[in-house]
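Source file my_file.cif; content: mmCIF, C-alpha atoms.
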data_data
loop_
_atom_site.label_atom_id
_atom_site.label_comp_id
_atom_site.auth_asym_id
_atom_site.auth_seq_id
_atom_site.Cartn_x
_atom_site.Cartn_y
_atom_site.Cartn_z
CA MET A 1 18.15 -48.55 -12.66
CA ILE A 2 14.86 -49.05 -14.43
CA GLU A 3 13.82 -47.27 -17.56
CA ILE A 4 10.28 -45.85 -17.37
CA LYS A 5 8.60 -44.28 -20.37
CA ILE A 6 5.26 -42.54 -20.42
CA LEU A 7 3.65 -42.55 -23.84
CA GLY A 8 1.19 -39.80 -24.58
CA THR A 9 0.66 -36.95 -27.01
CA GLY A 10 -0.04 -34.41 -24.31
CA CYS A 11 -3.61 -35.03 -23.24
CA PRO A 12 -4.54 -34.24 -19.62
CA LYS A 13 -4.54 -37.94 -18.69
CA CYS A 14 -0.99 -38.37 -20.00
CA LYS A 15 0.22 -35.52 -17.83
CA ALA A 16 -1.60 -36.97 -14.84
CA LEU A 17 0.13 -40.32 -15.37
CA GLU A 18 3.54 -38.70 -15.61
CA LYS A 19 2.95 -36.79 -12.39
CA LEU A 20 1.70 -39.87 -10.58
CA THR A 21 4.68 -41.92 -11.72
CA ARG A 22 7.13 -39.30 -10.51
CA ILE A 23 5.42 -39.15 -7.13
CA VAL A 24 5.47 -42.92 -6.69
CA VAL A 25 9.09 -43.25 -7.81
CA GLU A 26 10.15 -40.58 -5.36
CA LYS A 27 8.06 -41.91 -2.50
CA ALA A 28 9.32 -45.47 -2.86
CA ALA A 29 12.87 -44.27 -3.56
CA ILE A 30 13.10 -46.27 -6.77
CA GLU A 31 16.10 -45.69 -8.98
CA ALA A 32 14.48 -44.91 -12.27
CA ASN A 33 14.91 -42.84 -15.35
CA ILE A 34 11.56 -41.35 -16.41
CA THR A 35 11.06 -40.05 -19.92
CA LYS A 36 7.97 -38.77 -21.66
CA VAL A 37 7.47 -39.94 -25.25
CA GLU A 38 5.33 -37.49 -27.18
CA ASN A 39 6.24 -38.22 -30.78
CA ILE A 40 3.37 -40.17 -32.28
CA ALA A 41 5.53 -42.36 -34.53
CA ASP A 42 7.60 -43.37 -31.50
CA ILE A 43 4.45 -44.13 -29.54
CA MET A 44 3.17 -46.32 -32.37
CA ARG A 45 6.32 -48.44 -32.21
CA TYR A 46 5.00 -49.83 -28.96
CA ASN A 47 1.76 -50.88 -30.64
CA VAL A 48 -0.26 -48.61 -28.39
CA MET A 49 -3.61 -47.29 -29.66
CA VAL A 50 -4.97 -45.67 -26.53
CA THR A 51 -2.94 -43.22 -24.51
CA PRO A 52 -1.56 -42.82 -21.91
CA ALA A 53 0.61 -45.91 -21.65
CA LEU A 54 3.34 -46.90 -19.23
CA VAL A 55 6.43 -48.67 -20.52
CA ILE A 56 8.93 -50.23 -18.13
CA ASN A 57 12.21 -51.50 -19.57
CA GLU A 58 10.71 -51.42 -23.08
CA LYS A 59 7.66 -53.49 -22.11
CA VAL A 60 4.15 -52.02 -22.20
CA ILE A 61 2.69 -52.49 -18.72
CA PHE A 62 -0.68 -50.92 -19.32
CA LYS A 63 -2.39 -48.55 -21.70
CA GLY A 64 -5.41 -46.34 -21.94
CA ARG A 65 -5.90 -45.62 -18.27
CA ILE A 66 -4.37 -44.19 -15.14
CA PRO A 67 -3.71 -46.73 -12.39
CA THR A 68 -4.30 -46.00 -8.74
CA MET A 69 -1.30 -44.99 -6.70
CA ASN A 70 -1.29 -48.33 -4.85
CA GLU A 71 -1.41 -50.30 -8.07
CA LEU A 72 1.45 -48.34 -9.59
CA GLN A 73 3.52 -48.70 -6.43
CA GLN A 74 2.95 -52.47 -6.45
CA ILE A 75 4.08 -52.71 -10.06
CA LEU A 76 7.17 -50.58 -9.56
CA THR A 77 8.34 -52.17 -6.34
CA SER A 78 7.80 -55.75 -7.52
CA LEU A 79 10.34 -55.34 -10.30
CA MET B 80 -0.86 -56.83 -18.69
CA THR B 81 -3.58 -55.81 -16.29
CA HIS B 82 -2.76 -55.52 -12.65
CA TYR B 83 -5.70 -55.27 -10.36
CA VAL B 84 -6.25 -55.76 -6.73
CA HIS B 85 -8.39 -58.87 -6.75
CA LYS B 86 -11.21 -58.70 -4.30
CA ASN B 87 -13.61 -61.42 -3.34
CA ASN B 88 -15.96 -62.04 -6.28
CA ASN B 89 -18.95 -63.01 -4.13
CA LEU B 90 -18.69 -59.91 -1.99
CA LEU B 91 -18.57 -57.81 -5.10
CA ILE B 92 -21.58 -59.46 -6.70
CA ALA B 93 -23.48 -58.87 -3.46
CA LEU B 94 -22.43 -55.22 -3.46
CA VAL B 95 -23.51 -54.71 -7.07
CA THR B 96 -26.87 -56.42 -6.50
CA GLY B 97 -27.45 -54.35 -3.36
CA GLY B 98 -26.56 -51.19 -5.23
CA VAL B 99 -29.01 -51.98 -8.02
CA ILE B 100 -31.83 -52.58 -5.50
CA VAL B 101 -31.16 -49.25 -3.74
CA TRP B 102 -31.09 -47.61 -7.16
CA LEU B 103 -34.46 -49.10 -8.14
CA VAL B 104 -36.09 -47.93 -4.89
CA ILE B 105 -34.83 -44.35 -5.28
CA TYR B 106 -35.76 -44.23 -8.96
CA HIS B 107 -39.24 -45.55 -8.24
CA PHE B 108 -39.99 -42.99 -5.54
CA LEU B 109 -38.39 -40.02 -7.29
CA GLN B 110 -41.67 -38.31 -8.24
CA PRO B 111 -43.25 -38.36 -4.74
CA MET B 112 -39.90 -37.32 -3.25
CA THR B 113 -39.71 -34.39 -5.67
CA ASP B 114 -43.26 -33.30 -4.82
CA TRP B 115 -42.53 -33.55 -1.11
CA PHE B 116 -39.32 -31.55 -1.52
CA VAL B 117 -40.91 -28.77 -3.59
CA ASP B 118 -44.33 -28.54 -1.91
CA SER B 119 -43.62 -29.33 1.72
CA LEU B 120 -39.97 -28.68 2.38
CA LEU B 121 -39.58 -25.57 0.22
CA GLY B 122 -43.27 -24.74 0.67
CA MET B 123 -43.64 -23.32 -2.84
CA THR B 124 -47.02 -22.26 -4.24
CA GLN B 125 -48.32 -24.77 -6.71
CA GLY B 126 -48.86 -23.76 -10.31
CA THR B 127 -46.55 -20.74 -10.55
CA LYS B 128 -43.85 -20.56 -13.22
CA LEU B 129 -41.08 -20.58 -10.66
CA THR B 130 -42.47 -23.68 -8.94
CA ASP B 131 -42.76 -25.45 -12.30
CA ALA B 132 -39.16 -24.60 -13.15
CA VAL B 133 -37.87 -25.77 -9.76
CA ARG B 134 -39.97 -28.95 -9.91
CA PHE B 135 -38.64 -29.68 -13.41
CA PHE B 136 -35.04 -29.38 -12.24
CA VAL B 137 -35.46 -31.22 -8.94
CA PHE B 138 -37.05 -34.15 -10.77
CA GLU B 139 -35.10 -34.31 -14.03
CA TYR B 140 -31.59 -33.80 -12.69
CA PRO B 141 -31.56 -36.70 -10.19
CA LYS B 142 -33.41 -38.86 -12.72
CA VAL B 143 -30.81 -38.30 -15.43
CA MET B 144 -27.92 -38.71 -12.99
CA LEU B 145 -29.38 -41.97 -11.71
CA LEU B 146 -29.72 -43.27 -15.26
CA LEU B 147 -26.15 -42.20 -16.04
CA LEU B 148 -24.82 -43.91 -12.93
CA LEU B 149 -26.46 -47.24 -13.65
CA ILE B 150 -25.93 -47.41 -17.38
CA ILE B 151 -22.35 -46.13 -17.47
CA PHE B 152 -21.44 -48.75 -14.87
CA PHE B 153 -22.81 -51.62 -16.95
CA VAL B 154 -21.57 -50.19 -20.25
CA GLY B 155 -18.17 -49.85 -18.55
CA ILE B 156 -18.25 -53.56 -17.73
CA ILE B 157 -19.36 -54.51 -21.25
CA ARG B 158 -16.55 -52.39 -22.67
CA THR B 159 -13.91 -54.40 -20.86
CA PHE B 160 -14.69 -57.13 -23.39
CA PHE B 161 -14.03 -54.84 -26.36
CA THR B 162 -10.48 -53.52 -26.40
CA PRO B 163 -9.22 -51.48 -29.37
CA GLU B 164 -6.84 -54.38 -30.14
CA ARG B 165 -9.70 -56.85 -30.48
CA THR B 166 -11.71 -54.43 -32.58
CA ARG B 167 -8.74 -53.90 -34.86
CA LYS B 168 -8.26 -57.62 -35.24
CA ALA B 169 -11.92 -58.03 -36.17
CA LEU B 170 -11.67 -55.33 -38.83
CA GLU B 171 -8.35 -56.24 -40.44
CA GLY B 172 -8.68 -56.64 -44.19
CA ARG B 173 -12.50 -56.37 -44.13
CA ARG B 174 -14.01 -55.28 -47.38
CA THR B 175 -16.23 -52.23 -47.91
CA PHE B 176 -19.82 -52.63 -46.60
CA THR B 177 -19.28 -55.67 -44.34
CA GLY B 178 -16.34 -53.84 -42.81
CA ASN B 179 -18.29 -50.59 -42.52
CA VAL B 180 -21.23 -52.27 -40.82
CA MET B 181 -18.95 -54.02 -38.33
CA ALA B 182 -16.85 -50.91 -37.70
CA SER B 183 -19.92 -48.78 -36.96
CA LEU B 184 -21.30 -51.35 -34.51
CA LEU B 185 -17.93 -51.82 -32.82
CA GLY B 186 -17.62 -48.02 -32.66
CA ILE B 187 -20.45 -47.99 -30.11
CA VAL B 188 -18.84 -50.40 -27.65
CA THR B 189 -15.10 -49.87 -28.06
CA PRO B 190 -13.87 -47.41 -25.45
CA PHE B 191 -11.85 -44.53 -26.84
CA CYS B 192 -11.54 -40.82 -26.14
CA SER B 193 -10.89 -38.10 -28.68
CA CYS B 194 -7.28 -37.62 -27.56
CA SER B 195 -6.63 -41.19 -28.73
CA ALA B 196 -8.07 -40.54 -32.21
CA ILE B 197 -4.63 -40.27 -33.83
CA PRO B 198 -2.95 -43.37 -32.33
CA LEU B 199 -6.13 -45.31 -33.01
CA PHE B 200 -6.25 -44.15 -36.62
CA LEU B 201 -2.56 -45.02 -37.11
CA GLY B 202 -2.96 -48.38 -35.41
CA PHE B 203 -5.91 -49.32 -37.62
CA VAL B 204 -4.33 -48.20 -40.89
CA GLU B 205 -0.98 -49.79 -40.02
CA SER B 206 -2.48 -53.21 -39.50
CA GLY B 207 -4.46 -53.10 -42.74
CA VAL B 208 -7.92 -51.90 -41.77
CA PRO B 209 -9.18 -50.12 -44.92
CA LEU B 210 -9.51 -46.32 -44.77
CA GLY B 211 -13.28 -46.28 -45.26
CA VAL B 212 -13.78 -48.88 -42.53
CA THR B 213 -11.57 -46.86 -40.18
CA PHE B 214 -13.74 -43.83 -40.90
CA SER B 215 -16.95 -45.69 -40.09
CA PHE B 216 -15.42 -46.41 -36.70
CA LEU B 217 -14.25 -42.82 -36.19
CA ILE B 218 -17.72 -41.47 -37.05
CA ALA B 219 -19.80 -43.94 -35.05
CA SER B 220 -17.70 -43.84 -31.94
CA PRO B 221 -18.23 -40.22 -30.86
CA MET B 222 -21.70 -39.83 -32.41
CA ILE B 223 -23.31 -42.81 -30.72
CA ASN B 224 -22.21 -42.01 -27.26
CA GLU B 225 -23.73 -43.59 -24.18
CA VAL B 226 -24.32 -40.30 -22.38
CA ALA B 227 -26.31 -38.99 -25.35
CA ILE B 228 -28.38 -42.17 -25.53
CA ILE B 229 -29.18 -42.11 -21.79
CA LEU B 230 -30.17 -38.45 -21.87
CA LEU B 231 -32.35 -38.97 -24.94
CA TYR B 232 -34.02 -41.90 -23.23
CA GLY B 233 -34.49 -39.94 -20.00
CA LEU B 234 -35.83 -36.74 -21.53
CA PHE B 235 -37.60 -37.98 -24.70
CA GLY B 236 -38.31 -41.68 -24.26
CA TRP B 237 -36.94 -44.81 -25.88
CA LYS B 238 -38.28 -44.14 -29.38
CA THR B 239 -36.21 -41.01 -29.89
CA ALA B 240 -33.16 -42.73 -28.41
CA LEU B 241 -33.62 -45.60 -30.86
CA ILE B 242 -34.07 -43.24 -33.81
CA TYR B 243 -30.87 -41.46 -32.83
CA VAL B 244 -28.85 -44.67 -32.54
CA SER B 245 -30.11 -46.21 -35.76
CA THR B 246 -29.76 -43.10 -37.92
CA GLY B 247 -26.31 -42.46 -36.42
CA LEU B 248 -25.27 -46.00 -37.31
CA ILE B 249 -26.57 -45.68 -40.86
CA ILE B 250 -24.70 -42.39 -41.37
CA ALA B 251 -21.45 -43.93 -40.05
CA MET B 252 -21.82 -46.99 -42.29
CA ILE B 253 -22.68 -45.10 -45.47
CA ALA B 254 -20.26 -42.20 -44.97
CA GLY B 255 -17.40 -44.65 -44.32
CA ALA B 256 -18.38 -46.75 -47.33
CA ILE B 257 -18.39 -43.66 -49.57
CA ILE B 258 -14.95 -42.61 -48.33
CA GLY B 259 -13.78 -46.20 -49.00
CA VAL B 260 -15.19 -46.29 -52.53
CA LEU B 261 -13.65 -42.91 -53.40
CA LYS B 262 -10.17 -44.34 -52.64
CA LEU B 263 -8.87 -41.28 -50.84
CA GLU B 264 -5.63 -42.81 -49.53
CA LYS B 265 -3.74 -40.17 -51.50
CA TRP B 266 -5.06 -37.57 -49.05
CA VAL B 267 -3.63 -39.28 -46.03
CA GLU B 268 -0.31 -37.81 -44.91
CA PRO B 269 2.39 -40.07 -46.43
CA TRP B 270 4.25 -40.64 -43.15
CA VAL B 271 1.19 -42.48 -41.81
CA PHE B 272 2.00 -45.47 -44.02
CA GLU B 273 5.56 -45.59 -42.75
CA VAL B 274 4.57 -46.08 -39.14
CA HIS B 275 5.34 -49.58 -37.92
CA SER B 276 4.94 -51.13 -34.55
CA GLU B 277 7.72 -53.36 -33.32
CA GLN B 278 5.73 -55.14 -30.69
CA GLN B 279 3.04 -57.72 -31.29
CA ASP B 280 -0.29 -57.76 -29.54
CA GLU B 281 0.34 -59.72 -26.41
CA ALA B 282 -2.00 -62.47 -25.35
CA GLU B 283 -4.66 -60.96 -23.15
CA GLU B 284 -4.85 -61.96 -19.59
CA ARG B 285 -8.13 -63.37 -18.33
CA ILE B 286 -9.83 -60.76 -16.23
CA CYS B 287 -12.12 -61.76 -13.38
CA PHE B 288 -15.48 -60.18 -12.68
CA SER B 289 -14.24 -58.08 -9.79
CA ALA B 290 -11.64 -56.43 -12.00
CA ARG B 291 -14.29 -55.74 -14.65
CA ALA B 292 -16.57 -54.25 -12.00
CA GLN B 293 -13.72 -52.04 -10.82
CA MET B 294 -13.23 -50.83 -14.39
CA GLY B 295 -16.96 -50.16 -14.69
CA TRP B 296 -16.83 -48.16 -11.50
CA SER B 297 -13.84 -46.11 -12.64
CA ALA B 298 -15.75 -45.35 -15.87
CA VAL B 299 -18.61 -44.04 -13.69
CA LYS B 300 -16.28 -41.85 -11.65
CA GLU B 301 -14.54 -40.52 -14.73
CA ILE B 302 -17.61 -39.76 -16.85
CA ILE B 303 -19.87 -38.49 -14.05
CA GLY B 304 -16.99 -36.40 -12.72
CA LYS B 305 -16.77 -34.77 -16.11
CA VAL B 306 -20.42 -34.32 -17.11
CA TRP B 307 -22.36 -33.61 -13.90
CA ILE B 308 -21.90 -29.87 -14.24
CA TYR B 309 -22.96 -29.81 -17.93
CA VAL B 310 -26.02 -31.89 -17.20
CA ALA B 311 -26.91 -29.51 -14.34
CA LEU B 312 -26.42 -26.45 -16.55
CA GLY B 313 -28.34 -27.96 -19.45
CA ILE B 314 -31.28 -28.96 -17.27
CA ALA B 315 -31.23 -25.63 -15.41
CA ILE B 316 -31.46 -23.77 -18.73
CA GLY B 317 -34.15 -26.24 -19.73
CA ALA B 318 -36.04 -25.65 -16.48
CA GLY B 319 -35.88 -21.88 -16.91
CA ALA B 320 -37.03 -21.98 -20.51
CA HIS B 321 -39.67 -24.55 -19.62
CA GLY B 322 -41.64 -22.03 -17.61
CA TYR B 323 -40.63 -18.68 -19.05
CA VAL B 324 -40.06 -18.96 -22.81
CA PRO B 325 -43.39 -18.75 -24.66
CA GLN B 326 -44.73 -21.78 -26.51
CA GLY B 327 -43.98 -21.71 -30.20
CA PHE B 328 -40.95 -19.46 -29.73
CA MET B 329 -38.78 -21.72 -31.89
CA VAL B 330 -41.36 -22.37 -34.61
CA SER B 331 -40.17 -19.70 -37.01
CA LEU B 332 -36.47 -20.51 -36.58
CA MET B 333 -36.38 -24.29 -36.25
CA GLY B 334 -39.90 -25.30 -37.19
CA ASN B 335 -41.11 -27.76 -39.74
CA ASN B 336 -41.85 -25.32 -42.52
CA THR B 337 -38.59 -23.43 -42.69
CA TRP B 338 -36.61 -25.23 -45.39
CA TYR B 339 -33.23 -23.77 -44.49
CA SER B 340 -33.46 -24.67 -40.81
CA VAL B 341 -31.81 -28.09 -41.27
CA PRO B 342 -28.59 -26.99 -43.04
CA LEU B 343 -28.41 -23.95 -40.77
CA SER B 344 -28.60 -26.14 -37.68
CA VAL B 345 -25.82 -28.38 -39.00
CA LEU B 346 -23.59 -25.38 -39.76
CA ILE B 347 -24.17 -23.84 -36.34
CA GLY B 348 -23.47 -27.21 -34.75
CA ILE B 349 -19.96 -27.70 -36.18
CA PRO B 350 -18.07 -25.04 -34.18
CA LEU B 351 -20.18 -25.71 -31.08
CA TYR B 352 -18.18 -28.22 -29.17
CA SER B 353 -20.39 -29.22 -26.36
CA ASN B 354 -20.49 -32.69 -25.03
CA ALA B 355 -23.68 -34.65 -25.33
CA ALA B 356 -24.42 -34.06 -21.66
CA GLY B 357 -24.99 -30.35 -22.12
CA ILE B 358 -26.67 -30.36 -25.50
CA VAL B 359 -29.46 -32.91 -25.04
CA PRO B 360 -31.35 -31.07 -22.25
CA ILE B 361 -31.21 -27.87 -24.30
CA VAL B 362 -32.48 -29.65 -27.39
CA SER B 363 -35.36 -31.05 -25.34
CA VAL B 364 -36.45 -27.48 -24.62
CA LEU B 365 -36.05 -26.44 -28.26
CA ILE B 366 -38.47 -29.20 -29.22
CA GLU B 367 -40.90 -28.27 -26.46
CA LYS B 368 -40.91 -24.70 -27.78
CA GLY B 369 -41.79 -25.68 -31.31
CA ALA B 370 -38.54 -26.78 -33.00
CA SER B 371 -39.19 -29.82 -35.16
CA LEU B 372 -37.70 -33.22 -34.32
CA GLY B 373 -35.71 -33.54 -37.55
CA THR B 374 -34.09 -30.14 -37.23
CA SER B 375 -33.27 -30.75 -33.57
CA LEU B 376 -31.79 -34.19 -34.29
CA ALA B 377 -29.64 -32.68 -37.06
CA PHE B 378 -28.43 -29.96 -34.71
CA MET B 379 -27.55 -32.44 -31.99
CA MET B 380 -25.77 -34.84 -34.34
CA SER B 381 -23.76 -32.00 -35.82
CA VAL B 382 -22.67 -30.75 -32.41
CA ILE B 383 -21.64 -34.21 -31.26
CA ALA B 384 -20.22 -35.83 -34.41
CA LEU B 385 -18.63 -32.91 -36.23
CA SER B 386 -16.36 -31.09 -33.86
CA LEU B 387 -13.80 -28.52 -34.84
CA PRO B 388 -11.19 -29.58 -32.25
CA GLU B 389 -11.29 -33.15 -33.52
CA MET B 390 -10.79 -32.00 -37.10
CA ILE B 391 -7.76 -30.00 -36.00
CA ILE B 392 -6.36 -33.11 -34.31
CA LEU B 393 -7.03 -35.22 -37.42
CA ARG B 394 -5.24 -32.67 -39.62
CA LYS B 395 -1.98 -34.23 -38.35
CA VAL B 396 -2.70 -37.40 -40.29
CA LEU B 397 -5.15 -36.31 -43.00
CA LYS B 398 -4.78 -33.72 -45.71
CA LEU B 399 -7.36 -30.96 -45.86
CA PRO B 400 -9.37 -32.34 -48.83
CA LEU B 401 -9.98 -35.59 -46.92
CA ILE B 402 -11.13 -33.71 -43.82
CA MET B 403 -13.46 -31.64 -46.00
CA THR B 404 -14.79 -34.80 -47.65
CA PHE B 405 -15.35 -36.33 -44.23
CA VAL B 406 -17.24 -33.25 -42.98
CA GLY B 407 -19.16 -33.01 -46.26
CA VAL B 408 -20.27 -36.63 -46.35
CA VAL B 409 -21.25 -36.74 -42.68
CA GLY B 410 -22.90 -33.30 -42.90
CA ILE B 411 -25.00 -34.34 -45.89
CA GLY B 412 -25.95 -37.55 -44.08
CA ILE B 413 -27.10 -35.57 -41.05
CA MET B 414 -29.11 -33.20 -43.25
CA ILE B 415 -30.85 -36.12 -44.96
CA VAL B 416 -31.81 -37.46 -41.52
CA GLY B 417 -33.06 -33.99 -40.54
CA TYR B 418 -35.25 -33.60 -43.63
CA LEU B 419 -36.46 -37.17 -43.39
CA PHE B 420 -37.73 -36.76 -39.84
CA ASN B 421 -39.23 -33.35 -40.55
CA TRP B 422 -41.10 -34.97 -43.40
CA ILE B 423 -42.27 -38.03 -41.42
CA PHE B 424 -43.43 -36.17 -38.30
#
Let me see the file written as structure tokens.
Amino acid sequence: MIEIKILGTGCPKCKALEKLTRIVVEKAAIEANITKVENIADIMRYNVMVTPALVINEKVIFKGRIPTMNELQQILTSL
Amino acid sequence: MTHYVHKNNNLLIALVTGGVIVWLVIYHFLQPMTDWFVDSLLGMTQGTKLTDAVRFFVFEYPKVMLLLLLIIFFVGIIRTFFTPERTRKALEGRRTFTGNVMASLLGIVTPFCSCSAIPLFLGFVESGVPLGVTFSFLIASPMINEVAIILLYGLFGWKTALIYVSTGLIIAMIAGAIIGVLKLEKWVEPWVFEVHSEQQDEAEERICFSARAQMGWSAVKEIIGKVWIYVALGIAIGAGAHGYVPQGFMVSLMGNNTWYSVPLSVLIGIPLYSNAAGIVPIVSVLIEKGASLGTSLAFMMSVIALSLPEMIILRKVLKLPLIMTFVGVVGIGIMIVGYLFNWIF
């Protein structure tokens, strides 16, 4: 079970990333727990200055952009 | 931390070079192509108002879009070298003035969108970037925006674009320095200073050219996807006014001799939240119809740099007096620029 967090205060890009992550997780049948972190102080704990960001098992994987579906699938399946 | 599909670098360089050559050919032959399209293909009568308006649009719109395409791509590549983390590191503990100058310059090249204003502000303050220096960054970044610069260059020429960039920089530097000297930390919401990050900046991975080019290309898709409609609307309004609105229409309202036109333009500009893409073509028509350069510059700067939605976002971290000071200082700076250019030209 992997722990996925999407950091974002609610901008359109953050929602897009959450949606994309859910699609990829479902498609690749990955066992994951996806949570959205919207509280700004919690986001700052990850040292992230540009949203959205993707955190997998407490590690920031990327920030400030939305990956392509292929890229995200590669990251999630190579864990 | 970056994961990219790595393509062949040589193939990519060839693609980029080929793209630039195709671009140059189209750009070079845009005027004859426009004339052919309007005169032969549409068969419009030369010299009528409608023909002029159509010709204006058919020429200016592709020209501006071509410029946007090329410049956003290369700016996108340049920006991969300037991450917010690096900018923050460069600004940590900088003193007033040196820090403000650096922050304003870095504000131009560091990528950041308005929805990241809060995390960026917190991240800067948390790591010890002084408040005034942070403000220089927050003012310069939206005001000196690449779309605005390209449109100004395309519709007015390089001199106006240069004037816009340099006065914008000076306002960001001085306004930030004033906020720094006034020591307004007491008007920052107290919880801001309690925010702490638990993770360190990780060492950055080396990124190859193909990955940078991919990032440049995604910047093109993102920005053009967002602005093409505003540019089209702005230029269409411009094209209509170009032929139909009488010369000198704007003289009484935004002309050189009306003293109140500058502050009025700034005030009107604050609630107008248009992106640069829509506002520049409209301003170009205002000037053509007799508005003075200073007043028009002030209007444009106010629309772009002072936006109501951003102030509402910033209210989360700043108390009202600090937001008012920010608007006041930047607003006065813009007015000085407006009067200055009305006086020079």
What lies within 9 Å of region 74-77 of chain A using only C-alpha atoms, ignoring chain neighbours under 5 positions off, as a PyMOL selection string?
-> (chain A and resi 24-25+28+30+56+61+69) or (chain B and resi 82)
Give me the result of the PyMOL selection byres ((chain A) within 7 of (chain B)) on this file, residue by residue, as a PyMOL selection string.
-> chain A and resi 11+41+44-47+49-51+61-62+71
For the residues in that selection, give me C-alpha atoms as a PDB file, in the frame of the given file.
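As a result, selection_3.pdb now contains:
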ATOM      1  CA  CYS A  11      -3.610 -35.030 -23.240  1.00  0.00           C
ATOM      2  CA  ALA A  41       5.530 -42.360 -34.530  1.00  0.00           C
ATOM      3  CA  MET A  44       3.170 -46.320 -32.370  1.00  0.00           C
ATOM      4  CA  ARG A  45       6.320 -48.440 -32.210  1.00  0.00           C
ATOM      5  CA  TYR A  46       5.000 -49.830 -28.960  1.00  0.00           C
ATOM      6  CA  ASN A  47       1.760 -50.880 -30.640  1.00  0.00           C
ATOM      7  CA  MET A  49      -3.610 -47.290 -29.660  1.00  0.00           C
ATOM      8  CA  VAL A  50      -4.970 -45.670 -26.530  1.00  0.00           C
ATOM      9  CA  THR A  51      -2.940 -43.220 -24.510  1.00  0.00           C
ATOM     10  CA  ILE A  61       2.690 -52.490 -18.720  1.00  0.00           C
ATOM     11  CA  PHE A  62      -0.680 -50.920 -19.320  1.00  0.00           C
ATOM     12  CA  GLU A  71      -1.410 -50.300  -8.070  1.00  0.00           C
TER      13      GLU A  71
END
What is the CA of His321 (chain B)-CA of Ser386 (chain B) distance in Å, reported with one decimal?
-> 28.1 Å
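The coordinates place CA of Gly126 (chain B) at 27.9 Å from CA of Ile308 (chain B).
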Which protein, DNA or RNA residues have an atom at most 12 Å from (10.5, -48.9, -10.1), counting all atoms listed in the file? List them as a PDB file with C-alpha atoms, in the coordinates of the input.
ATOM      1  CA  MET A   1      18.150 -48.550 -12.660  1.00  0.00           C
ATOM      2  CA  ILE A   2      14.860 -49.050 -14.430  1.00  0.00           C
ATOM      3  CA  GLU A   3      13.820 -47.270 -17.560  1.00  0.00           C
ATOM      4  CA  ILE A   4      10.280 -45.850 -17.370  1.00  0.00           C
ATOM      5  CA  LYS A   5       8.600 -44.280 -20.370  1.00  0.00           C
ATOM      6  CA  THR A  21       4.680 -41.920 -11.720  1.00  0.00           C
ATOM      7  CA  ARG A  22       7.130 -39.300 -10.510  1.00  0.00           C
ATOM      8  CA  ILE A  23       5.420 -39.150  -7.130  1.00  0.00           C
ATOM      9  CA  VAL A  24       5.470 -42.920  -6.690  1.00  0.00           C
ATOM     10  CA  VAL A  25       9.090 -43.250  -7.810  1.00  0.00           C
ATOM     11  CA  GLU A  26      10.150 -40.580  -5.360  1.00  0.00           C
ATOM     12  CA  LYS A  27       8.060 -41.910  -2.500  1.00  0.00           C
ATOM     13  CA  ALA A  28       9.320 -45.470  -2.860  1.00  0.00           C
ATOM     14  CA  ALA A  29      12.870 -44.270  -3.560  1.00  0.00           C
ATOM     15  CA  ILE A  30      13.100 -46.270  -6.770  1.00  0.00           C
ATOM     16  CA  GLU A  31      16.100 -45.690  -8.980  1.00  0.00           C
ATOM     17  CA  ALA A  32      14.480 -44.910 -12.270  1.00  0.00           C
ATOM     18  CA  ASN A  33      14.910 -42.840 -15.350  1.00  0.00           C
ATOM     19  CA  ILE A  34      11.560 -41.350 -16.410  1.00  0.00           C
ATOM     20  CA  LEU A  54       3.340 -46.900 -19.230  1.00  0.00           C
ATOM     21  CA  VAL A  55       6.430 -48.670 -20.520  1.00  0.00           C
ATOM     22  CA  ILE A  56       8.930 -50.230 -18.130  1.00  0.00           C
ATOM     23  CA  ASN A  57      12.210 -51.500 -19.570  1.00  0.00           C
ATOM     24  CA  LEU A  72       1.450 -48.340  -9.590  1.00  0.00           C
ATOM     25  CA  GLN A  73       3.520 -48.700  -6.430  1.00  0.00           C
ATOM     26  CA  GLN A  74       2.950 -52.470  -6.450  1.00  0.00           C
ATOM     27  CA  ILE A  75       4.080 -52.710 -10.060  1.00  0.00           C
ATOM     28  CA  LEU A  76       7.170 -50.580  -9.560  1.00  0.00           C
ATOM     29  CA  THR A  77       8.340 -52.170  -6.340  1.00  0.00           C
ATOM     30  CA  SER A  78       7.800 -55.750  -7.520  1.00  0.00           C
ATOM     31  CA  LEU A  79      10.340 -55.340 -10.300  1.00  0.00           C
TER      32      LEU A  79
END
Name all residues at most 8 Å from region 13-19 of chain A (count only C-alpha atoms; drop same-chain ones fewer than 4 positions away) and give them as a short mmCIF file (atom, residue, chain, number, x, y, z; two decimals) with C-alpha atoms, keeping the file's coordinate frame.
data_model
loop_
_atom_site.label_atom_id
_atom_site.label_comp_id
_atom_site.auth_asym_id
_atom_site.auth_seq_id
_atom_site.Cartn_x
_atom_site.Cartn_y
_atom_site.Cartn_z
CA ILE A 6 5.26 -42.54 -20.42
CA LEU A 7 3.65 -42.55 -23.84
CA GLY A 8 1.19 -39.80 -24.58
CA THR A 9 0.66 -36.95 -27.01
CA ILE A 23 5.42 -39.15 -7.13
CA LYS A 36 7.97 -38.77 -21.66
CA THR A 51 -2.94 -43.22 -24.51
CA PRO A 52 -1.56 -42.82 -21.91
CA ALA A 53 0.61 -45.91 -21.65
CA ARG A 65 -5.90 -45.62 -18.27
CA ILE A 66 -4.37 -44.19 -15.14
#
With 3 Å of padding per side, what axis-aligned box (centre and edge lengths, Å, one decimal) covers all the listed atoms of region 290-306 of chain B? Give it as lines of an AutoDock Vina configuration file.
center_x = -16.0
center_y = -45.4
center_z = -14.0
size_x = 14.8
size_y = 28.1
size_z = 12.3
